Structures are given as C-alpha cells and as structure tokens.
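Below is final_24.cif, which holds mmCIF, C-alpha atoms.
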```
data_structure
#
loop_
_atom_site.label_atom_id
_atom_site.label_comp_id
_atom_site.auth_asym_id
_atom_site.auth_seq_id
_atom_site.Cartn_x
_atom_site.Cartn_y
_atom_site.Cartn_z
CA MET R 1 0.00 0.00 0.00
CA ALA R 2 1.49 3.32 -1.03
CA GLN R 3 2.32 5.68 1.78
CA GLN R 4 0.50 8.97 1.61
CA ASP R 5 2.49 12.15 1.60
CA PRO R 6 2.14 14.18 4.82
CA ALA R 7 -0.15 17.14 4.63
CA PRO R 8 1.68 20.45 4.15
CA PRO R 9 1.84 22.72 7.19
CA PRO R 10 -0.66 25.60 7.32
CA ALA R 11 0.46 28.71 5.51
CA ARG R 12 0.87 32.06 7.18
CA ALA R 13 -2.15 34.29 6.83
CA PRO R 14 -1.92 36.41 3.67
CA ARG R 15 -1.58 40.10 4.43
CA THR R 16 -4.68 41.18 2.50
CA ARG R 17 -6.94 38.57 4.06
CA ARG R 18 -5.65 39.29 7.54
CA LEU R 19 -6.23 43.02 7.11
CA LEU R 20 -9.76 42.46 5.79
CA ALA R 21 -10.53 40.09 8.68
CA TRP R 22 -9.43 42.73 11.18
CA LEU R 23 -11.54 45.37 9.43
CA LEU R 24 -14.64 43.16 9.60
CA ASP R 25 -14.18 42.52 13.33
CA PHE R 26 -13.36 46.17 14.05
CA THR R 27 -16.48 47.28 12.17
CA VAL R 28 -18.58 45.30 14.65
CA ILE R 29 -16.80 46.99 17.56
CA LEU R 30 -17.28 50.43 15.99
CA ALA R 31 -21.00 49.74 15.60
CA ILE R 32 -21.26 48.92 19.31
CA ALA R 33 -19.21 52.04 20.11
CA ALA R 34 -21.67 54.19 18.17
CA LEU R 35 -24.60 52.58 19.99
CA LEU R 36 -23.02 53.08 23.41
CA GLY R 37 -22.15 56.68 22.53
CA TRP R 38 -25.74 57.38 21.55
CA LEU R 39 -27.06 55.81 24.76
CA THR R 40 -24.53 57.67 26.91
CA PHE R 41 -25.31 61.11 25.53
CA ASN R 42 -29.01 60.45 25.79
CA ARG R 43 -28.49 59.64 29.47
CA ILE R 44 -26.64 62.92 29.93
CA SER R 45 -29.27 64.92 28.01
CA ALA R 46 -31.96 63.44 30.23
CA LYS R 47 -30.16 64.85 33.28
CA LEU R 48 -30.26 68.35 31.77
CA THR R 49 -34.03 68.38 31.39
CA GLY R 50 -34.47 68.40 35.16
CA VAL R 51 -32.59 71.72 35.57
CA PRO R 52 -34.41 74.68 33.93
CA GLY R 53 -31.28 76.79 33.80
CA LEU R 54 -29.42 74.17 31.77
CA VAL R 55 -32.00 73.54 29.06
CA GLY R 56 -29.91 75.21 26.35
CA ILE R 57 -26.71 73.34 27.21
CA SER R 58 -25.78 70.27 25.19
CA ALA R 59 -24.51 67.01 26.61
CA TRP R 60 -21.06 67.66 25.16
CA GLN R 61 -20.87 71.12 26.76
CA LEU R 62 -21.80 69.60 30.09
CA VAL R 63 -19.15 66.88 29.87
CA THR R 64 -16.38 69.32 28.93
CA SER R 65 -17.43 72.11 31.32
CA GLY R 66 -15.43 70.87 34.31
CA GLY R 67 -18.43 71.65 36.50
CA ASP R 68 -18.38 75.40 35.82
CA LEU R 69 -21.87 75.92 34.38
CA VAL R 70 -23.58 79.25 33.87
CA GLY R 71 -27.23 79.40 34.86
CA ALA R 72 -27.12 76.87 37.69
CA GLY R 73 -25.66 76.79 41.18
CA GLN R 74 -22.08 75.68 41.53
CA GLY R 75 -23.10 72.65 43.57
CA VAL R 76 -25.70 71.56 41.02
CA GLY R 77 -23.28 72.10 38.13
CA SER R 78 -20.47 70.12 39.76
CA SER R 79 -22.82 67.29 40.64
CA LEU R 80 -24.20 67.07 37.10
CA TRP R 81 -20.70 67.19 35.63
CA ARG R 82 -19.41 64.39 37.85
CA SER R 83 -22.47 62.30 37.04
CA SER R 84 -21.97 62.91 33.32
CA VAL R 85 -18.28 62.00 33.47
CA ARG R 86 -19.17 58.75 35.22
CA ALA R 87 -21.67 57.99 32.44
CA VAL R 88 -18.94 58.51 29.81
CA TRP R 89 -16.53 56.29 31.77
CA GLN R 90 -19.18 53.59 32.00
CA GLY R 91 -19.76 53.79 28.26
CA PHE R 92 -16.07 53.30 27.48
CA ALA R 93 -15.83 50.51 30.06
CA GLY R 94 -18.77 48.77 28.42
CA LEU R 95 -17.07 49.07 25.02
CA VAL R 96 -13.84 47.51 26.32
CA VAL R 97 -15.76 44.67 27.98
CA PHE R 98 -17.71 43.99 24.78
CA ALA R 99 -14.55 43.98 22.65
CA PHE R 100 -12.89 41.47 24.98
CA ALA R 101 -16.00 39.26 25.20
CA TYR R 102 -16.43 39.36 21.40
CA ARG R 103 -12.87 38.18 20.81
CA PHE R 104 -12.69 35.63 23.62
CA ALA R 105 -16.09 34.04 22.93
CA SER R 106 -15.39 33.63 19.22
CA LEU R 107 -11.90 32.24 19.85
CA ALA R 108 -13.20 29.82 22.48
CA LEU R 109 -16.08 28.59 20.29
CA MET R 110 -14.55 28.63 16.80
CA GLY R 111 -10.81 29.09 17.27
CA ARG R 112 -11.06 32.35 15.29
CA THR R 113 -13.02 35.58 15.17
CA PRO R 114 -16.00 35.98 12.80
CA GLY R 115 -13.89 38.13 10.49
CA GLN R 116 -11.18 35.47 10.37
CA ALA R 117 -13.77 32.76 9.75
CA LEU R 118 -15.15 34.65 6.73
CA LEU R 119 -11.63 35.00 5.31
CA ALA R 120 -10.67 31.33 5.98
CA LEU R 121 -8.16 32.07 8.74
CA ARG R 122 -7.70 30.55 12.17
CA VAL R 123 -5.59 31.03 15.30
CA THR R 124 -3.16 28.27 16.30
CA GLY R 125 -0.31 27.79 18.73
CA ARG R 126 2.98 29.06 17.35
CA ARG R 127 4.99 25.98 18.33
CA ASP R 128 2.63 23.01 17.89
CA GLY R 129 0.07 24.40 15.43
CA GLU R 130 -2.76 23.11 17.61
CA ARG R 131 -5.81 24.94 18.90
CA PRO R 132 -4.77 27.16 21.83
CA THR R 133 -6.09 26.67 25.34
CA ARG R 134 -8.75 28.98 26.77
CA ALA R 135 -6.18 30.72 28.93
CA THR R 136 -4.15 31.48 25.81
CA MET R 137 -7.28 32.69 24.03
CA ALA R 138 -8.12 34.97 26.95
CA THR R 139 -4.59 36.41 26.85
CA ARG R 140 -4.83 37.03 23.12
CA ALA R 141 -8.29 38.62 23.45
CA ALA R 142 -7.12 40.90 26.27
CA ALA R 143 -3.97 41.98 24.42
CA GLY R 144 -5.88 42.59 21.19
CA THR R 145 -8.51 44.65 23.01
CA LEU R 146 -5.85 46.74 24.72
CA VAL R 147 -4.06 47.43 21.45
CA ASP R 148 -7.16 48.22 19.37
CA ILE R 149 -9.28 50.29 21.75
CA GLY R 150 -8.02 49.99 25.33
CA TRP R 151 -5.50 52.83 25.25
CA TYR R 152 -7.83 55.04 23.23
CA ALA R 153 -10.65 54.49 25.71
CA LEU R 154 -8.33 55.38 28.59
CA ALA R 155 -7.19 58.54 26.80
CA CYS R 156 -10.79 59.65 26.28
CA CYS R 157 -11.68 58.96 29.91
CA LEU R 158 -8.72 61.05 31.05
CA LEU R 159 -9.76 63.85 28.70
CA VAL R 160 -13.34 64.15 29.97
CA GLY R 161 -12.01 63.86 33.52
CA GLY R 162 -9.87 66.97 33.02
CA ALA R 163 -6.44 65.29 32.90
CA ILE R 164 -5.50 66.76 29.54
CA GLY R 165 -1.74 66.19 29.84
CA LEU R 166 -2.10 62.52 30.71
CA SER R 167 -4.70 62.16 27.98
CA VAL R 168 -2.29 63.46 25.33
CA LEU R 169 0.45 61.09 26.51
CA CYS R 170 -2.00 58.21 26.45
CA TRP R 171 -3.06 59.09 22.91
CA ILE R 172 0.56 59.09 21.77
CA LEU R 173 1.11 55.70 23.40
CA ALA R 174 -2.09 54.35 21.84
CA VAL R 175 -1.05 55.38 18.32
CA ALA R 176 2.48 53.99 18.80
CA VAL R 177 1.27 50.63 20.14
CA PHE R 178 -1.38 50.29 17.43
CA GLY R 179 1.11 51.13 14.67
CA LEU R 180 3.69 48.67 16.01
CA SER R 181 1.12 45.88 16.23
CA ALA R 182 -0.10 46.57 12.68
CA LEU R 183 3.48 46.50 11.37
CA LEU R 184 4.25 43.22 13.12
CA SER R 185 1.06 41.58 11.86
CA LEU R 186 1.84 42.44 8.22
CA ALA R 187 5.63 42.00 8.09
CA GLY R 188 8.03 39.15 8.75
CA PRO R 189 6.36 36.24 10.56
CA ARG R 190 3.12 38.30 10.65
CA ARG R 191 2.52 37.96 14.37
CA SER R 192 0.86 40.94 16.05
CA LEU R 193 1.49 42.06 19.62
CA ALA R 194 -1.51 39.99 20.70
CA ASP R 195 -0.03 36.92 18.99
CA ARG R 196 3.35 37.47 20.63
CA ALA R 197 1.79 37.98 24.06
CA ALA R 198 -0.25 34.77 23.79
CA GLY R 199 2.21 32.64 21.82
CA THR R 200 -0.15 32.22 18.86
CA THR R 201 -0.13 32.80 15.13
CA VAL R 202 -2.78 33.26 12.44
CA VAL R 203 -2.71 30.76 9.58
CA SER R 204 -4.68 30.17 6.40
CA VAL R 205 -6.98 27.15 6.26
CA PHE R 206 -7.66 27.40 2.55
CA ARG R 207 -5.08 27.24 -0.22
CA ILE R 208 -5.78 26.60 -3.88
CA THR R 209 -2.34 25.01 -4.31
CA THR R 210 -3.20 22.28 -1.82
CA VAL R 211 -5.73 20.71 -4.18
CA TRP R 212 -3.25 20.70 -7.07
CA THR R 213 -0.49 19.23 -4.86
CA ARG R 214 -2.67 16.34 -3.73
CA LEU R 215 -3.84 15.64 -7.28
CA SER R 216 -0.25 15.57 -8.54
CA ALA R 217 0.78 13.21 -5.74
CA THR R 218 -2.05 10.83 -6.63
CA VAL R 219 -0.95 10.73 -10.27
CA ARG R 220 2.67 10.07 -9.31
CA ARG R 221 1.68 7.17 -7.05
CA ARG R 222 0.02 5.25 -9.87
CA THR R 223 1.95 2.09 -10.88
CA PRO R 224 1.95 0.29 -14.25
CA ASP R 225 -0.07 -2.58 -12.70
CA GLU R 226 -2.91 -0.18 -11.99
CA GLU R 227 -3.11 0.90 -15.62
CA GLN R 228 -5.34 -0.89 -18.09
CA PRO R 229 -3.42 -3.36 -20.36
CA PRO R 230 -3.44 -2.54 -24.06
CA LEU R 231 -6.01 -4.30 -26.19
CA ALA R 232 -4.75 -7.30 -28.17
CA PRO R 233 -4.73 -6.79 -31.92
CA VAL R 234 -7.59 -8.39 -33.75
CA ALA R 235 -6.47 -11.25 -36.06
#
```
Give the structure from the file, written as structure tokens.
Amino acid sequence: MAQQDPAPPPARAPRTRRLLAWLLDFTVILAIAALLGWLTFNRISAKLTGVPGLVGISAWQLVTSGGDLVGAGQGVGSSLWRSSVRAVWQGFAGLVVFAFAYRFASLALMGRTPGQALLALRVTGRRDGERPTRATMATRAAAGTLVDIGWYALACCLLVGGAIGLSVLCWILAVAVFGLSALLSLAGPRRSLADRAAGTTVVSVFRITTVWTRLSATVRRRTPDEEQPPLAPVA
C-alpha cells in the first residue's frame, strides 16, 4: 500500500486577508461604540431636562465644562458634571468589555473571530500548530482589546475627567502601540502584539495550491499494474 504524503503545514495568513478580517471585526466593535455613545449622551441629556437653567446646554458642553456651568448653582453644576463623566466612563468601560468578550467568545467557540472565519483564517499555537487553550485565548483577546481600543478608551476617559496632559500622553502611546502591532502583523512572521503575548499565530486554512499538490501526488503514485493493459490486436 502506497504511503501517503504528509499534509503540508498551514500557511501564514496572507496580508490582505488578515487586514480584511481585522476590518470586519473592528467594524462590529465600531458599531457597538456608536450605539453606546448614543445611549450615553441620551443619558446625559436626560439629566439636563431636570434643571431649567441648563436647558440650552448640550450634553457635550456639560461633559467638557469641568463643572463650571452658567445658569445653575455651583453645587448643582459640579454634581451634574461628575455624574456625566461617570456615564462617559461607564460607556467606554462597556465598550472595552464587549470587545474582549467578542474576541474571547469567538476564539473559544470557533478558534477564530467571525472576520477570520469569513476570510478562511484561524488562530493556532505558534509551536505546535494546535488549537490554543482557553487561557491562551483569553490572553490574546485581552492583548488585542488593549491594542485596538483599550489605550484610546483610557485617553478619552482622562480627557473628559480633566487630565488633559495625561490624555495626550496616552493618545501618543495608543497610536504607537497600534502602529507597532499593525506592522508586526503584516511584516516578517506576521505575528501581532496579541499573537506574541499569547504565543499564537494566524494561519490560512484554505489554499488553492493544496488541491493541485494532492492531485499531482495521486498521479505520481500510480503504478503500471494499476493501468489498463493494451487491447490485443484483432487477427
């Protein structure tokens, strides 16, 4: 019995497909961010309706006022501002929690995110090529969430809280970390910061060349005994 050739190892994720997979997943997160932003500012606007002197003030003006509001007592203004800042912090916290849960749940259930599944990619261990453990998936989900939105969310929370200097530094760090992770995921071994933190890699599970390779191997394994003998000449 002819010995079958071993299956080729999974290929590294192509750059274009990996970028598109990230865009699909990030679009979902942006949609939730828009929904949470709408809910948060509606919560803040509802607080303004209870103070007649603040009817003409928008939710954004209230958040960025620092508590110094014209037309209301200082105590009322400070209280409303602190309450509004907490609402913004809760919105960003909810976004970070959703992003982590979205990544971790999809990795735990499918071994890949929905975007990666649509582009025929999956996450494997870097050394053994097997499906990572849940602890590894949680590490990858946490690192990916921190890189994509975690630092940005922290910078925005610092900004609305009045810590402008720290907010600027956090924004610079967020851009630097995001850029480094994007560069690592598209160059060299194509392992992002999340992959390096968790010890994983993203591979392709669909290659057109695999079908042709297997077909060629089957043809090469054919022996003369398996071929049909030539027909005898008719006398």
Evaluating the PyMOL selection byres ((chain R and resi 170-177) around 9) on the displayed file yields which residues, as a PDB file with C-alpha atoms, in the frame of the given file?
```
ATOM      1  CA  LEU R 146      -5.850  46.740  24.720  1.00  0.00           C
ATOM      2  CA  VAL R 147      -4.060  47.430  21.450  1.00  0.00           C
ATOM      3  CA  ASP R 148      -7.160  48.220  19.370  1.00  0.00           C
ATOM      4  CA  ILE R 149      -9.280  50.290  21.750  1.00  0.00           C
ATOM      5  CA  GLY R 150      -8.020  49.990  25.330  1.00  0.00           C
ATOM      6  CA  TRP R 151      -5.500  52.830  25.250  1.00  0.00           C
ATOM      7  CA  TYR R 152      -7.830  55.040  23.230  1.00  0.00           C
ATOM      8  CA  LEU R 154      -8.330  55.380  28.590  1.00  0.00           C
ATOM      9  CA  ALA R 155      -7.190  58.540  26.800  1.00  0.00           C
ATOM     10  CA  CYS R 156     -10.790  59.650  26.280  1.00  0.00           C
ATOM     11  CA  LEU R 158      -8.720  61.050  31.050  1.00  0.00           C
ATOM     12  CA  GLY R 165      -1.740  66.190  29.840  1.00  0.00           C
ATOM     13  CA  LEU R 166      -2.100  62.520  30.710  1.00  0.00           C
ATOM     14  CA  SER R 167      -4.700  62.160  27.980  1.00  0.00           C
ATOM     15  CA  VAL R 168      -2.290  63.460  25.330  1.00  0.00           C
ATOM     16  CA  LEU R 169       0.450  61.090  26.510  1.00  0.00           C
ATOM     17  CA  PHE R 178      -1.380  50.290  17.430  1.00  0.00           C
ATOM     18  CA  GLY R 179       1.110  51.130  14.670  1.00  0.00           C
ATOM     19  CA  LEU R 180       3.690  48.670  16.010  1.00  0.00           C
ATOM     20  CA  SER R 181       1.120  45.880  16.230  1.00  0.00           C
ATOM     21  CA  ALA R 182      -0.100  46.570  12.680  1.00  0.00           C
ATOM     22  CA  LEU R 193       1.490  42.060  19.620  1.00  0.00           C
TER      23      LEU R 193
END
```
Output check: residues returned by the PyMOL selection byres ((chain R and resi 116-118) around 9), as a PDB file with C-alpha atoms, in the frame of the given file:
```
ATOM      1  CA  ARG R  17      -6.940  38.570   4.060  1.00  0.00           C
ATOM      2  CA  ARG R  18      -5.650  39.290   7.540  1.00  0.00           C
ATOM      3  CA  LEU R  20      -9.760  42.460   5.790  1.00  0.00           C
ATOM      4  CA  ALA R  21     -10.530  40.090   8.680  1.00  0.00           C
ATOM      5  CA  TRP R  22      -9.430  42.730  11.180  1.00  0.00           C
ATOM      6  CA  LEU R  24     -14.640  43.160   9.600  1.00  0.00           C
ATOM      7  CA  ASP R  25     -14.180  42.520  13.330  1.00  0.00           C
ATOM      8  CA  MET R 110     -14.550  28.630  16.800  1.00  0.00           C
ATOM      9  CA  GLY R 111     -10.810  29.090  17.270  1.00  0.00           C
ATOM     10  CA  ARG R 112     -11.060  32.350  15.290  1.00  0.00           C
ATOM     11  CA  THR R 113     -13.020  35.580  15.170  1.00  0.00           C
ATOM     12  CA  PRO R 114     -16.000  35.980  12.800  1.00  0.00           C
ATOM     13  CA  GLY R 115     -13.890  38.130  10.490  1.00  0.00           C
ATOM     14  CA  LEU R 119     -11.630  35.000   5.310  1.00  0.00           C
ATOM     15  CA  ALA R 120     -10.670  31.330   5.980  1.00  0.00           C
ATOM     16  CA  LEU R 121      -8.160  32.070   8.740  1.00  0.00           C
ATOM     17  CA  ARG R 122      -7.700  30.550  12.170  1.00  0.00           C
ATOM     18  CA  VAL R 123      -5.590  31.030  15.300  1.00  0.00           C
ATOM     19  CA  VAL R 202      -2.780  33.260  12.440  1.00  0.00           C
TER      20      VAL R 202
END
```
Convert the output of the PyMOL selection byres ((chain R and resi 135) around 12) on the shown file into explicit residues, formatted as a PDB file with C-alpha atoms, in the coordinates of the input.
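Listing of selection_27.pdb after writing:
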```pdb
ATOM      1  CA  PHE R 104     -12.690  35.630  23.620  1.00  0.00           C
ATOM      2  CA  LEU R 107     -11.900  32.240  19.850  1.00  0.00           C
ATOM      3  CA  ALA R 108     -13.200  29.820  22.480  1.00  0.00           C
ATOM      4  CA  ARG R 131      -5.810  24.940  18.900  1.00  0.00           C
ATOM      5  CA  PRO R 132      -4.770  27.160  21.830  1.00  0.00           C
ATOM      6  CA  THR R 133      -6.090  26.670  25.340  1.00  0.00           C
ATOM      7  CA  ARG R 134      -8.750  28.980  26.770  1.00  0.00           C
ATOM      8  CA  THR R 136      -4.150  31.480  25.810  1.00  0.00           C
ATOM      9  CA  MET R 137      -7.280  32.690  24.030  1.00  0.00           C
ATOM     10  CA  ALA R 138      -8.120  34.970  26.950  1.00  0.00           C
ATOM     11  CA  THR R 139      -4.590  36.410  26.850  1.00  0.00           C
ATOM     12  CA  ARG R 140      -4.830  37.030  23.120  1.00  0.00           C
ATOM     13  CA  ALA R 141      -8.290  38.620  23.450  1.00  0.00           C
ATOM     14  CA  ALA R 142      -7.120  40.900  26.270  1.00  0.00           C
ATOM     15  CA  ALA R 197       1.790  37.980  24.060  1.00  0.00           C
ATOM     16  CA  ALA R 198      -0.250  34.770  23.790  1.00  0.00           C
ATOM     17  CA  GLY R 199       2.210  32.640  21.820  1.00  0.00           C
ATOM     18  CA  THR R 200      -0.150  32.220  18.860  1.00  0.00           C
TER      19      THR R 200
END
```
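We find CA of Arg43 (chain R) and CA of Val97 (chain R) to be spaced 19.7 Å apart.
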Item to check | Two-atom distance - CA of Val88 (chain R), CA of Cys157 (chain R) (Å) | outcome: 7.3 Å
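The shortest atom-to-atom distance to Arg86 (chain R), with only C-alpha atoms taken into account, belongs to R:Gly161 out of R:Gly37, R:Gly144, R:Gly161, R:Gly129.
The gap separating CA of Phe92 (chain R) from CA of Leu30 (chain R) is 11.9 Å, in Å to one decimal.
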Checklist entry - Using all atoms listed in the file, which of R:Ser204, R:Ala99, R:Ile29, R:Leu19 sits nearest Ala187 (chain R)? => result R:Leu19
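Among the candidates R:Leu183, R:Gly162, R:Arg190, R:Ala11, the one nearest to Arg82 (chain R) when counting all atoms listed in the file is R:Gly162.
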